[in-house]
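File shown: input-v1.txt (compact mmCIF, C-alpha atoms).
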# COMPACT_ATOMS: atom_id res chain seq x y z
CA MET A 1 101.21 206.84 204.26
CA GLY A 2 103.76 205.53 206.76
CA THR A 3 107.33 204.57 206.03
CA THR A 4 107.94 201.03 204.77
CA TYR A 5 111.21 199.39 205.83
CA THR A 6 112.90 196.65 203.80
CA SER A 7 115.43 194.13 205.07
CA THR A 8 117.58 192.06 202.70
CA ILE A 9 119.36 188.78 203.46
CA GLN A 10 121.83 186.97 201.22
CA VAL A 11 121.18 183.23 201.54
CA LYS A 12 124.12 180.91 200.85
CA CYS A 13 124.08 177.21 201.70
CA LEU A 14 124.77 173.76 200.27
CA LYS A 15 121.68 171.98 198.98
CA GLU A 16 121.88 168.20 199.03
CA HIS A 17 119.72 165.87 196.93
CA THR A 18 119.27 162.11 196.89
CA CYS A 19 118.64 160.99 193.32
CA LEU A 20 115.24 159.42 192.76
CA CYS A 21 116.70 157.13 190.11
CA CYS A 22 120.09 155.85 191.29
CA GLY A 23 120.28 156.92 194.94
CA ALA A 24 123.37 159.11 194.41
CA VAL A 25 123.83 161.92 196.90
CA TYR A 26 125.05 165.23 195.51
CA ALA A 27 125.15 168.83 196.69
CA TYR A 28 125.71 172.27 195.21
CA GLU A 29 125.82 175.83 196.47
CA LEU A 30 122.42 177.59 196.58
CA ASN A 31 122.48 181.40 196.43
CA ARG A 32 119.40 183.55 196.97
CA LYS A 33 118.71 187.17 197.86
CA VAL A 34 115.49 187.53 199.87
CA THR A 35 113.76 190.58 201.31
CA GLY A 36 111.18 191.34 203.97
CA SER A 37 109.09 194.51 204.28
CA ALA A 38 107.13 196.00 207.18
CA ARG A 39 106.21 199.26 208.88
CA ASN A 40 109.11 198.94 211.33
CA LYS A 41 112.70 197.70 211.07
CA GLU A 42 112.31 194.82 213.52
CA LYS A 43 109.31 193.35 211.74
CA ALA A 44 111.00 193.78 208.35
CA ALA A 45 114.04 191.87 209.65
CA LEU A 46 111.80 189.08 211.00
CA ASN A 47 109.98 188.85 207.67
CA ALA A 48 113.30 188.63 205.83
CA GLN A 49 114.49 185.87 208.18
CA ALA A 50 111.26 183.94 207.58
CA ALA A 51 111.70 184.32 203.81
CA ALA A 52 115.32 183.16 204.11
CA ALA A 53 114.31 180.09 206.11
CA LYS A 54 111.65 179.23 203.52
CA SER A 55 114.16 179.66 200.70
CA VAL A 56 116.71 177.39 202.38
CA GLU A 57 114.08 174.73 203.03
CA ARG A 58 112.30 174.81 199.67
CA ASP A 59 114.37 176.34 196.85
CA VAL A 60 116.41 174.17 194.51
CA ASP A 61 118.48 174.75 191.38
CA PRO A 62 118.28 172.62 188.19
CA GLN A 63 121.31 170.41 188.79
CA PRO A 64 121.21 166.92 187.17
CA CYS A 65 122.54 163.85 188.96
CA PRO A 66 126.24 163.17 188.13
CA THR A 67 125.63 159.39 188.19
CA CYS A 68 122.57 158.95 185.96
CA GLY A 69 121.81 162.45 184.64
CA LEU A 70 118.32 162.69 186.15
CA LEU A 71 117.00 166.17 186.86
CA GLN A 72 115.00 165.68 190.06
CA PRO A 73 111.20 166.23 190.04
CA ASP A 74 111.35 169.18 192.47
CA MET A 75 113.86 170.92 190.18
CA ILE A 76 111.52 170.52 187.19
CA GLY A 77 108.42 171.36 189.21
CA GLN A 78 109.80 174.57 190.69
CA ARG A 79 110.97 175.88 187.34
CA ARG A 80 107.62 175.09 185.73
CA ALA A 81 105.61 176.50 188.64
CA ARG A 82 107.56 179.74 188.48
CA GLY A 83 106.96 180.09 184.73
CA HIS A 84 103.25 179.16 184.87
CA LYS A 85 102.71 181.63 187.71
CA ILE A 86 104.28 184.52 185.79
CA ILE A 87 102.27 183.70 182.68
CA PHE A 88 99.05 183.41 184.70
CA TRP A 89 99.40 186.88 186.20
CA LEU A 90 100.44 188.51 182.93
CA ALA A 91 97.49 186.86 181.17
CA LEU A 92 95.10 187.91 183.93
CA ILE A 93 96.20 191.54 183.58
CA ALA A 94 95.91 191.41 179.78
CA PHE A 95 92.45 189.82 179.91
CA ILE A 96 91.17 192.36 182.46
CA VAL A 97 92.44 195.20 180.25
CA ILE A 98 90.58 193.73 177.26
CA VAL A 99 87.32 193.53 179.22
CA ILE A 100 87.78 197.10 180.53
CA LEU A 101 88.41 198.40 177.00
CA ASN A 102 85.11 196.89 175.94
CA ALA A 103 83.23 198.27 178.94
CA ALA A 104 84.68 201.74 178.27
CA TYR A 105 83.80 201.61 174.53
CA ALA A 106 87.45 202.43 173.88
CA VAL A 107 87.98 199.83 171.13
CA GLN A 108 85.52 198.23 168.74
CA LEU A 109 84.25 194.85 169.87
CA ASP A 110 85.25 193.01 166.69
CA THR A 111 88.83 194.28 167.16
CA LEU A 112 88.81 193.21 170.81
CA VAL A 113 87.68 189.73 169.80
CA TRP A 114 90.83 189.26 167.71
CA VAL A 115 92.98 190.94 170.37
CA GLY A 116 91.53 188.42 172.82
CA VAL A 117 92.25 185.54 170.44
CA VAL A 118 95.88 186.66 170.05
CA ALA A 119 96.26 187.11 173.83
CA CYS A 120 94.81 183.63 174.39
CA ALA A 121 97.06 182.07 171.74
CA VAL A 122 100.21 183.72 173.12
CA THR A 123 99.27 182.63 176.67
CA VAL A 124 98.67 179.03 175.58
CA LEU A 125 101.92 178.89 173.60
CA ALA A 126 103.83 180.27 176.59
CA HIS A 127 102.31 177.65 178.90
CA LEU A 128 103.06 174.88 176.39
CA ALA A 129 106.65 176.08 175.99
CA ILE A 130 107.10 175.55 179.74
CA ASP A 131 105.03 172.40 180.16
CA LEU A 132 105.86 170.24 177.13
CA PRO A 133 109.70 170.11 176.98
CA ASP A 134 111.15 167.15 178.91
CA PRO A 135 114.43 168.17 180.61
CA ASN A 136 115.23 164.47 181.10
CA ARG A 137 114.93 163.56 177.42
CA ASN A 138 118.74 163.32 177.15
CA LEU A 139 120.05 161.71 180.34
CA GLU A 140 123.52 161.14 178.93
CA GLY A 141 123.85 164.81 178.02
CA ASN A 142 122.63 165.77 181.50
CA ARG A 143 125.15 163.38 183.08
CA GLN A 144 128.05 164.81 181.12
CA THR A 145 127.05 168.34 182.16
CA ALA A 146 126.91 167.23 185.80
CA GLU A 147 130.31 165.49 185.56
CA GLY A 148 131.82 168.75 184.35
CA ARG A 149 130.38 170.56 187.36
CA VAL A 150 131.77 167.89 189.68
CA ALA A 151 135.21 168.28 188.08
CA SER A 152 135.08 172.06 188.59
CA GLY A 153 134.09 171.68 192.25
CA ALA A 154 130.66 173.27 191.80
CA VAL A 155 128.94 169.98 192.70
CA ARG A 156 129.89 167.46 195.42
CA HIS A 157 129.01 163.88 194.62
CA GLN A 158 128.68 160.48 196.27
CA PRO A 159 128.01 158.05 193.38
CA GLY A 160 125.00 155.79 193.32
CA GLU A 161 124.14 152.75 191.22
CA PHE A 162 122.57 153.27 187.83
CA VAL A 163 119.24 151.45 187.58
CA ALA A 164 118.16 149.67 184.41
CA GLY A 165 115.12 151.35 182.85
CA ALA A 166 115.99 154.73 184.32
CA GLU A 167 114.75 156.38 181.13
CA GLN A 168 111.18 155.40 182.08
CA LEU A 169 111.60 156.68 185.61
CA ALA A 170 113.02 159.92 184.26
CA LYS A 171 109.92 160.72 182.22
CA VAL A 172 107.74 163.45 183.69
CA PRO A 173 104.24 161.94 183.94
CA LYS A 174 101.08 163.78 182.93
CA SER A 175 97.82 162.81 184.59
CA LEU A 176 94.51 162.61 182.72
CA GLY A 177 93.48 165.95 184.24
CA HIS A 178 96.77 167.47 183.10
CA ARG A 179 96.20 166.32 179.52
CA ILE A 180 92.60 167.53 179.57
CA ALA A 181 93.78 170.96 180.74
CA LEU A 182 96.17 171.18 177.78
CA LEU A 183 93.42 170.23 175.33
CA LEU A 184 90.97 172.70 176.90
CA MET A 185 93.49 175.51 176.51
CA LEU A 186 93.78 174.83 172.79
CA ALA A 187 89.98 174.65 172.45
CA ALA A 188 89.62 177.93 174.38
CA VAL A 189 91.59 179.78 171.71
CA VAL A 190 88.96 178.77 169.13
CA LEU A 191 86.17 179.58 171.61
CA ALA A 192 87.57 183.10 172.02
CA ALA A 193 87.04 183.69 168.30
CA GLU A 194 83.36 182.65 168.48
CA PRO A 195 81.79 186.12 168.01
CA GLU A 196 83.65 186.82 164.78
CA LEU A 197 83.41 183.26 163.47
CA MET A 198 79.63 183.25 163.99
CA ARG A 199 79.19 186.77 162.60
CA ARG A 200 81.10 185.95 159.43
CA MET A 201 79.27 182.66 159.00
CA LYS A 202 75.92 184.49 159.21
CA GLY A 203 77.10 187.38 157.02
CA TRP A 204 76.25 190.13 159.50
CA PRO A 205 77.77 193.52 158.55
CA LEU A 206 79.94 195.70 160.77
CA ASN A 207 79.44 199.41 161.43
CA ALA A 208 82.72 201.05 162.43
CA ASP A 209 81.01 203.97 164.21
CA CYS A 210 78.63 201.89 166.33
CA TYR A 211 79.43 200.21 169.64
CA PRO A 212 78.85 197.26 169.36
CA PRO A 213 79.42 197.29 165.60
CA VAL A 214 76.65 194.79 164.77
CA VAL A 215 73.24 196.47 164.74
CA GLY A 216 69.89 194.80 164.22
CA ALA A 217 66.29 195.90 164.66
CA GLY A 218 65.59 196.54 168.36
CA ASP A 219 69.29 196.66 169.31
CA HIS A 220 71.05 199.20 171.54
CA THR A 221 74.19 200.83 170.17
CA ARG A 222 76.34 203.76 171.22
CA ILE A 223 77.33 206.42 168.68
CA TYR A 224 79.94 209.10 169.37
CA MET A 225 79.62 212.61 167.99
CA ASN A 226 82.31 214.10 165.75
CA ASP A 227 83.11 217.01 168.08
CA LYS A 228 84.83 217.11 171.46
CA ILE A 229 84.24 219.37 174.45
CA ASP A 230 86.58 220.74 177.13
CA SER A 231 84.92 220.53 180.53
CA ILE A 232 85.73 220.42 184.23
CA LYS A 233 86.26 216.80 185.41
CA GLY A 234 84.73 215.61 182.14
CA TYR A 235 81.25 216.68 183.26
CA TRP A 236 78.52 217.08 180.65
CA ARG A 237 74.89 216.26 180.02
CA GLY A 238 72.79 216.18 176.91
CA GLU A 239 69.35 216.14 175.36
CA PRO A 240 69.29 213.89 172.27
CA LYS A 241 66.79 213.76 169.45
CA VAL A 242 67.30 210.89 167.00
CA THR A 243 65.39 209.70 163.94
CA VAL A 244 66.03 206.87 161.51
CA HIS A 245 64.98 206.47 157.89
CA GLU A 246 65.84 204.16 155.05
CA ALA A 247 68.24 205.50 152.47
CA GLY A 248 66.23 207.58 150.01
CA ALA A 249 62.95 207.12 151.90
CA LYS A 250 60.92 209.95 153.38
CA ARG A 251 59.45 207.97 156.28
CA MET A 252 61.11 209.11 159.52
CA LEU A 253 61.06 206.75 162.49
CA PRO A 254 61.54 208.31 165.95
CA VAL A 255 64.19 206.57 168.02
CA ASN A 256 64.54 206.21 171.78
CA ALA A 257 67.91 207.72 172.73
CA GLN A 258 69.80 208.31 175.96
CA THR A 259 73.03 210.11 176.83
CA ASN A 260 75.19 211.30 179.72
CA GLN A 261 73.44 213.12 182.60
CA ASN A 262 76.05 214.61 184.93
CA ASP A 263 74.84 217.08 187.55
CA TRP A 264 77.51 219.42 188.96
CA GLY A 265 75.42 221.97 190.86
CA HIS A 266 76.70 225.46 191.67
CA THR A 267 80.15 224.48 192.91
CA ILE A 268 82.76 222.03 191.63
CA ASN A 269 85.83 220.88 193.56
CA ALA A 270 88.48 220.00 191.00
CA LYS A 271 92.23 219.51 190.97
CA SER A 272 94.34 221.46 188.50
CA SER A 273 94.63 218.38 186.30
CA GLU A 274 90.82 218.05 186.23
CA LYS A 275 89.97 221.59 185.13
CA HIS A 276 90.40 220.86 181.43
CA SER A 277 89.19 217.37 180.52
CA SER A 278 88.46 216.44 176.93
CA SER A 279 85.34 214.39 176.25
CA THR A 280 83.50 213.13 173.19
CA PRO A 281 79.72 213.28 173.70
CA TRP A 282 77.79 210.15 172.78
CA VAL A 283 74.27 208.92 172.33
CA LYS A 284 72.91 205.46 173.15
CA VAL A 285 70.40 204.65 170.45
CA THR A 286 67.71 201.95 170.57
CA MET A 287 66.94 201.03 166.99
CA PRO A 288 63.26 200.61 166.04
CA ALA A 289 61.98 197.05 166.46
CA ASP A 290 60.83 197.16 162.85
CA GLU A 291 61.69 193.97 160.98
CA THR A 292 61.27 195.76 157.64
CA LEU A 293 64.58 197.51 158.38
CA SER A 294 66.46 194.19 158.59
CA GLY A 295 69.23 193.86 156.02
CA LYS A 296 68.83 197.46 154.82
CA LYS A 297 70.92 200.60 155.06
CA VAL A 298 69.39 203.32 157.19
CA THR A 299 70.42 206.87 157.97
CA CYS A 300 70.54 207.86 161.63
CA ASP A 301 70.07 211.61 162.20
CA ILE A 302 71.32 212.72 165.61
CA ASN A 303 70.74 216.12 167.18
CA LEU A 304 72.39 216.48 170.58
CA LYS A 305 72.09 219.51 172.86
CA VAL A 306 75.17 219.45 175.09
CA THR A 307 75.60 221.37 178.36
CA HIS A 308 78.93 221.39 180.20
CA PRO A 309 80.92 223.44 182.76
CA GLU A 310 83.98 225.31 181.47
CA MET A 311 86.60 227.27 183.42
CA GLN A 312 86.06 231.00 183.11
CA ASP A 313 89.10 232.01 185.13
CA SER A 314 91.28 230.35 187.76
CA THR A 315 88.49 230.09 190.35
CA THR A 316 85.12 230.30 188.57
CA PHE A 317 83.34 228.42 185.83
CA ARG A 318 80.52 229.02 183.42
CA THR A 319 77.96 226.65 181.93
CA LEU A 320 77.96 226.42 178.15
CA THR A 321 75.35 224.90 175.86
CA SER A 322 75.93 223.86 172.27
CA THR A 323 74.23 221.72 169.66
CA MET A 324 75.93 218.87 167.83
CA GLN A 325 74.63 217.05 164.80
CA ARG A 326 75.63 213.85 163.09
CA ASN A 327 74.20 211.90 160.17
CA LEU A 328 75.36 208.31 160.12
CA GLU A 329 74.61 205.51 157.69
CA ILE A 330 74.07 202.17 159.44
CA GLU A 331 73.94 198.81 157.69
CA MET A 332 71.38 196.75 159.56
CA ALA A 333 71.88 193.04 160.21
CA PRO A 334 69.38 190.75 158.48
CA VAL A 335 68.17 189.43 161.86
CA PRO A 336 66.47 191.49 164.62
CA GLY A 337 68.51 191.57 167.83
CA ALA A 338 71.73 190.56 166.06
CA GLY A 339 73.76 193.13 168.01
CA GLY A 340 72.57 191.75 171.35
CA ARG A 341 73.39 188.23 170.22
CA TYR A 342 76.86 189.33 169.06
CA ASN A 343 77.47 190.87 172.49
CA GLU A 344 76.33 187.63 174.16
CA TRP A 345 78.84 185.70 172.05
CA TRP A 346 81.55 188.03 173.35
CA TRP A 347 80.78 186.94 176.92
CA THR A 348 80.14 183.24 176.20
CA GLY A 349 83.00 183.01 173.69
CA THR A 350 85.87 185.45 174.11
CA VAL A 351 85.52 186.16 177.83
CA LEU A 352 84.72 182.53 178.67
CA GLY A 353 87.69 181.39 176.56
CA MET A 354 89.98 183.72 178.50
CA GLY A 355 88.54 182.38 181.75
CA VAL A 356 89.11 178.76 180.68
CA ILE A 357 92.74 179.53 179.85
CA LEU A 358 93.26 181.14 183.25
CA PHE A 359 91.73 178.12 184.99
CA CYS A 360 93.83 175.68 182.96
CA GLY A 361 96.92 177.77 183.70
CA MET A 362 96.18 177.33 187.40
CA CYS A 363 95.80 173.57 186.81
CA LEU A 364 99.26 173.47 185.22
CA LEU A 365 100.64 175.43 188.17
CA TRP A 366 99.10 172.94 190.62
CA ALA A 367 100.50 170.04 188.57
CA ALA A 368 103.97 171.58 188.69
CA ARG A 369 103.75 172.01 192.46
CA GLY A 370 102.56 168.42 192.75
CA LEU A 371 105.64 167.35 190.82
CA GLU A 372 107.84 168.96 193.49
CA LYS A 373 106.42 166.54 196.08
CA LYS A 374 107.59 163.48 194.12
CA ALA A 375 111.27 164.14 194.84
CA LYS A 376 113.13 162.69 197.80
CA PRO A 377 113.66 165.05 200.77
CA THR A 378 116.54 167.52 200.45
CA ARG A 379 119.01 168.70 203.10
CA ALA A 380 120.54 172.17 203.47
CA PHE A 381 123.71 173.02 205.41
CA VAL A 382 126.28 175.78 205.50
CA PRO A 383 129.47 175.31 203.39
CA GLN A 384 131.70 175.12 206.48
CA ALA A 385 129.89 171.97 207.55
CA ALA A 386 130.09 170.32 204.14
CA GLY A 387 132.60 167.71 205.30
CA GLN A 388 130.47 166.59 208.22
CA ALA A 389 128.09 163.66 208.07
Mind turning the file's structure into structure tokens?
Amino acid sequence: MGTTYTSTIQVKCLKEHTCLCCGAVYAYELNRKVTGSARNKEKAALNAQAAAAKSVERDVDPQPCPTCGLLQPDMIGQRRARGHKIIFWLALIAFIVIVILNAAYAVQLDTLVWVGVVACAVTVLAHLAIDLPDPNRNLEGNRQTAEGRVASGAVRHQPGEFVAGAEQLAKVPKSLGHRIALLLMLAAVVLAAEPELMRRMKGWPLNADCYPPVVGAGDHTRIYMNDKIDSIKGYWRGEPKVTVHEAGAKRMLPVNAQTNQNDWGHTINAKSSEKHSSSTPWVKVTMPADETLSGKKVTCDINLKVTHPEMQDSTTFRTLTSTMQRNLEIEMAPVPGAGGRYNEWWWTGTVLGMGVILFCGMCLLWAARGLEKKAKPTRAFVPQAAGQA
């Protein structure tokens, strides 16, 4: 990879606002540190200059009007937009991790449902904490704060005329779409819990060693063996033989089973870190579509012949074969296909709920950016020119 150059510029200017409420004109010093990156120094400097120009033109600080105490809409909008954006990206990362953990069979699905519910609830609460508070709820307190900044010289002020009914003008409006987005976010938290709420309502049992943990007649489920193997790059393949029988019954039902089928040939190219990878062999079992098993406890007998490559010395490997066995008791759901339905609820409930919250978070971000446009135009100038018209 080529070298990346970074250029940094310290932005310092006076930012002037005209109050939306009383028409007062006031200014304060805006300080920002911006950077630009590129593959060469000249381009990095140009990118930094472009970022500095954008910052001077757009950025504002939350400074209330010294005449009426109003915090301007662009000040509120920028702060909210920044917070909603951070929450959106953190939530997106968390939600993707949750989906990946399910796809990798790393965590039981019932656990991931509640992890998803908590992640959704925390995301919604964070968005509400940014969106609901009204920074103009106490105009007199804002005005006194601004007067103190004027007295200290931090804010320059040309007084305006206080307008009767300014409290109404100061309120941050919420459109119908904005309110709907807030309600949808709250509903999405409940939607995310759908798989577990429905399972508990129907009384379907969980099996801690099955993935997914709800198993009904005709369902697919993955079962991990008790033993691990050490192989090159995690390669292994197996030949499973699985039977199922009711507890105490002699009738054995053959089961369709599948497992990993890596093919490594006669040579393997592996890094040092890949020469000893630990793996837990598994078997994907398709339970018999026999409704007489519904609601009963069955024993699943698994015999797995495992073949895997193992380092013999620093440059050669050998192929080892071993047999693993596991006997697992499974409590069948009272309804055939319950496991498949539970998995569908995960996608239409938990995953959809997370998606709704992400969409609503974007709506709140758009609303915040729309709020910025309601303010009167600002003006930026260097401190040395502060006394000029």
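Residue nearest Ile96 (chain A) within the list A:Ile180, A:Met354, A:Ala146, A:Met324: A:Met354 [criterion: smallest interatomic distance, all atoms listed in the file].
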Worksheet item: In Å to one decimal, how far is CA of Lys374 (chain A) from CA of Leu30 (chain A)?
Response: 20.6 Å
Item to complete: Fewer than 4 positions away in the same chain doesn't count, so skip those; otherwise give me all residues within 10 Å of Cys363 (chain A), counting all atoms listed in the file, as an MDAnalysis selection string.
Response: chainID A and resid 84 177:178 180:182 357:359 367:369
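By chain and then residue number, the residues within 10 Å of Gly295 (chain A) are Trp204, Pro205, Val215, Gly216, Ala217, Glu331, Met332, Ala333, Pro334, Val335 and Pro336 of chain A, counting all atoms listed in the file and disregarding those fewer than 6 positions away in sequence.
Shortest atom-to-atom contact with Cys210 (chain A) among A:Gln10, A:Thr123, A:Thr286, A:Gln72: A:Thr286, counting only C-alpha atoms.
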Discussion item. Using all atoms listed in the file for the distances, tell me which of A:Met185, A:Val107, A:Val11, A:Met311 is nearest to Ser272 (chain A).
Written reply: A:Met311
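Nearest to Thr8 (chain A) of all the residues A:Lys297, A:Lys271, A:Lys228, A:Lys33 is A:Lys33, based on all atoms listed in the file.
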Worksheet entry | Exercise: Pro309 (chain A) partners within 7 Å, all atoms listed in the file, chain neighbours under 2 positions left out, as number ranges by chain | A: 231-232, 235, 311, 317-320
Discussion item. What's around Val382 (chain A) at 12 Å? Count only C-alpha atoms, leave out sequence neighbours fewer than 4 positions away in its own chain, and write the answer as a PyMOL selection string.
Written reply: chain A and resi 11-16+27-31+56+386-388
Taking all atoms of region 277-288 of chain A that appear in the file, build a box with edges along x, y and z, extend it by 3 Å on every side, and state its centre and edge lengths in Å to one decimal, as AutoDock Vina command-line options.
--center_x 76.2 --center_y 209.0 --center_z 173.3 --size_x 31.9 --size_y 22.8 --size_z 20.5
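Interatomic distance, CA of Asp134 (chain A) against CA of Val189 (chain A): 24.4 Å.
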Would you mind putting back N, CA and C atoms on region 277-298 of chain A, then writing it out as a PDB file, keeping the file's coordinate frame?
ATOM      1  N   SER A 277      89.302 218.756 180.942  1.00  0.00           N
ATOM      2  CA  SER A 277      89.190 217.370 180.520  1.00  0.00           C
ATOM      3  C   SER A 277      88.461 217.288 179.197  1.00  0.00           C
ATOM      4  N   SER A 278      89.064 216.566 178.265  1.00  0.00           N
ATOM      5  CA  SER A 278      88.460 216.440 176.930  1.00  0.00           C
ATOM      6  C   SER A 278      87.508 215.247 176.911  1.00  0.00           C
ATOM      7  N   SER A 279      86.343 215.445 176.345  1.00  0.00           N
ATOM      8  CA  SER A 279      85.340 214.390 176.250  1.00  0.00           C
ATOM      9  C   SER A 279      84.699 214.407 174.869  1.00  0.00           C
ATOM     10  N   THR A 280      84.253 213.243 174.432  1.00  0.00           N
ATOM     11  CA  THR A 280      83.500 213.130 173.190  1.00  0.00           C
ATOM     12  C   THR A 280      82.078 212.730 173.533  1.00  0.00           C
ATOM     13  N   PRO A 281      81.105 213.621 173.383  1.00  0.00           N
ATOM     14  CA  PRO A 281      79.720 213.280 173.700  1.00  0.00           C
ATOM     15  C   PRO A 281      79.223 212.090 172.868  1.00  0.00           C
ATOM     16  N   TRP A 282      78.314 211.345 173.429  1.00  0.00           N
ATOM     17  CA  TRP A 282      77.790 210.150 172.780  1.00  0.00           C
ATOM     18  C   TRP A 282      76.287 210.044 172.996  1.00  0.00           C
ATOM     19  N   VAL A 283      75.705 209.188 172.210  1.00  0.00           N
ATOM     20  CA  VAL A 283      74.270 208.920 172.330  1.00  0.00           C
ATOM     21  C   VAL A 283      74.054 207.417 172.252  1.00  0.00           C
ATOM     22  N   LYS A 284      73.295 206.883 173.190  1.00  0.00           N
ATOM     23  CA  LYS A 284      72.910 205.460 173.150  1.00  0.00           C
ATOM     24  C   LYS A 284      71.566 205.368 172.456  1.00  0.00           C
ATOM     25  N   VAL A 285      71.569 204.708 171.314  1.00  0.00           N
ATOM     26  CA  VAL A 285      70.400 204.650 170.450  1.00  0.00           C
ATOM     27  C   VAL A 285      69.773 203.255 170.525  1.00  0.00           C
ATOM     28  N   THR A 286      68.444 203.212 170.663  1.00  0.00           N
ATOM     29  CA  THR A 286      67.710 201.950 170.570  1.00  0.00           C
ATOM     30  C   THR A 286      67.008 201.929 169.220  1.00  0.00           C
ATOM     31  N   MET A 287      67.492 201.067 168.342  1.00  0.00           N
ATOM     32  CA  MET A 287      66.940 201.030 166.990  1.00  0.00           C
ATOM     33  C   MET A 287      65.495 200.549 167.006  1.00  0.00           C
ATOM     34  N   PRO A 288      64.668 201.047 166.087  1.00  0.00           N
ATOM     35  CA  PRO A 288      63.260 200.610 166.040  1.00  0.00           C
ATOM     36  C   PRO A 288      63.147 199.105 165.869  1.00  0.00           C
ATOM     37  N   ALA A 289      62.203 198.495 166.577  1.00  0.00           N
ATOM     38  CA  ALA A 289      61.980 197.050 166.460  1.00  0.00           C
ATOM     39  C   ALA A 289      61.109 196.778 165.234  1.00  0.00           C
ATOM     40  N   ASP A 290      61.558 197.264 164.118  1.00  0.00           N
ATOM     41  CA  ASP A 290      60.830 197.160 162.850  1.00  0.00           C
ATOM     42  C   ASP A 290      61.581 196.190 161.947  1.00  0.00           C
ATOM     43  N   GLU A 291      61.002 195.003 161.752  1.00  0.00           N
ATOM     44  CA  GLU A 291      61.690 193.970 160.980  1.00  0.00           C
ATOM     45  C   GLU A 291      61.879 194.354 159.525  1.00  0.00           C
ATOM     46  N   THR A 292      61.109 195.346 159.044  1.00  0.00           N
ATOM     47  CA  THR A 292      61.270 195.760 157.640  1.00  0.00           C
ATOM     48  C   THR A 292      62.613 196.453 157.423  1.00  0.00           C
ATOM     49  N   LEU A 293      63.275 196.867 158.514  1.00  0.00           N
ATOM     50  CA  LEU A 293      64.580 197.510 158.380  1.00  0.00           C
ATOM     51  C   LEU A 293      65.713 196.487 158.269  1.00  0.00           C
ATOM     52  N   SER A 294      65.426 195.227 158.578  1.00  0.00           N
ATOM     53  CA  SER A 294      66.460 194.190 158.590  1.00  0.00           C
ATOM     54  C   SER A 294      67.118 194.046 157.224  1.00  0.00           C
ATOM     55  N   GLY A 295      68.457 194.038 157.249  1.00  0.00           N
ATOM     56  CA  GLY A 295      69.230 193.860 156.020  1.00  0.00           C
ATOM     57  C   GLY A 295      69.315 195.092 155.153  1.00  0.00           C
ATOM     58  N   LYS A 296      68.823 196.231 155.625  1.00  0.00           N
ATOM     59  CA  LYS A 296      68.830 197.460 154.820  1.00  0.00           C
ATOM     60  C   LYS A 296      69.804 198.486 155.404  1.00  0.00           C
ATOM     61  N   LYS A 297      70.119 199.474 154.600  1.00  0.00           N
ATOM     62  CA  LYS A 297      70.920 200.600 155.060  1.00  0.00           C
ATOM     63  C   LYS A 297      69.988 201.715 155.486  1.00  0.00           C
ATOM     64  N   VAL A 298      70.215 202.236 156.685  1.00  0.00           N
ATOM     65  CA  VAL A 298      69.390 203.320 157.190  1.00  0.00           C
ATOM     66  C   VAL A 298      70.277 204.498 157.550  1.00  0.00           C
TER      67      VAL A 298
END
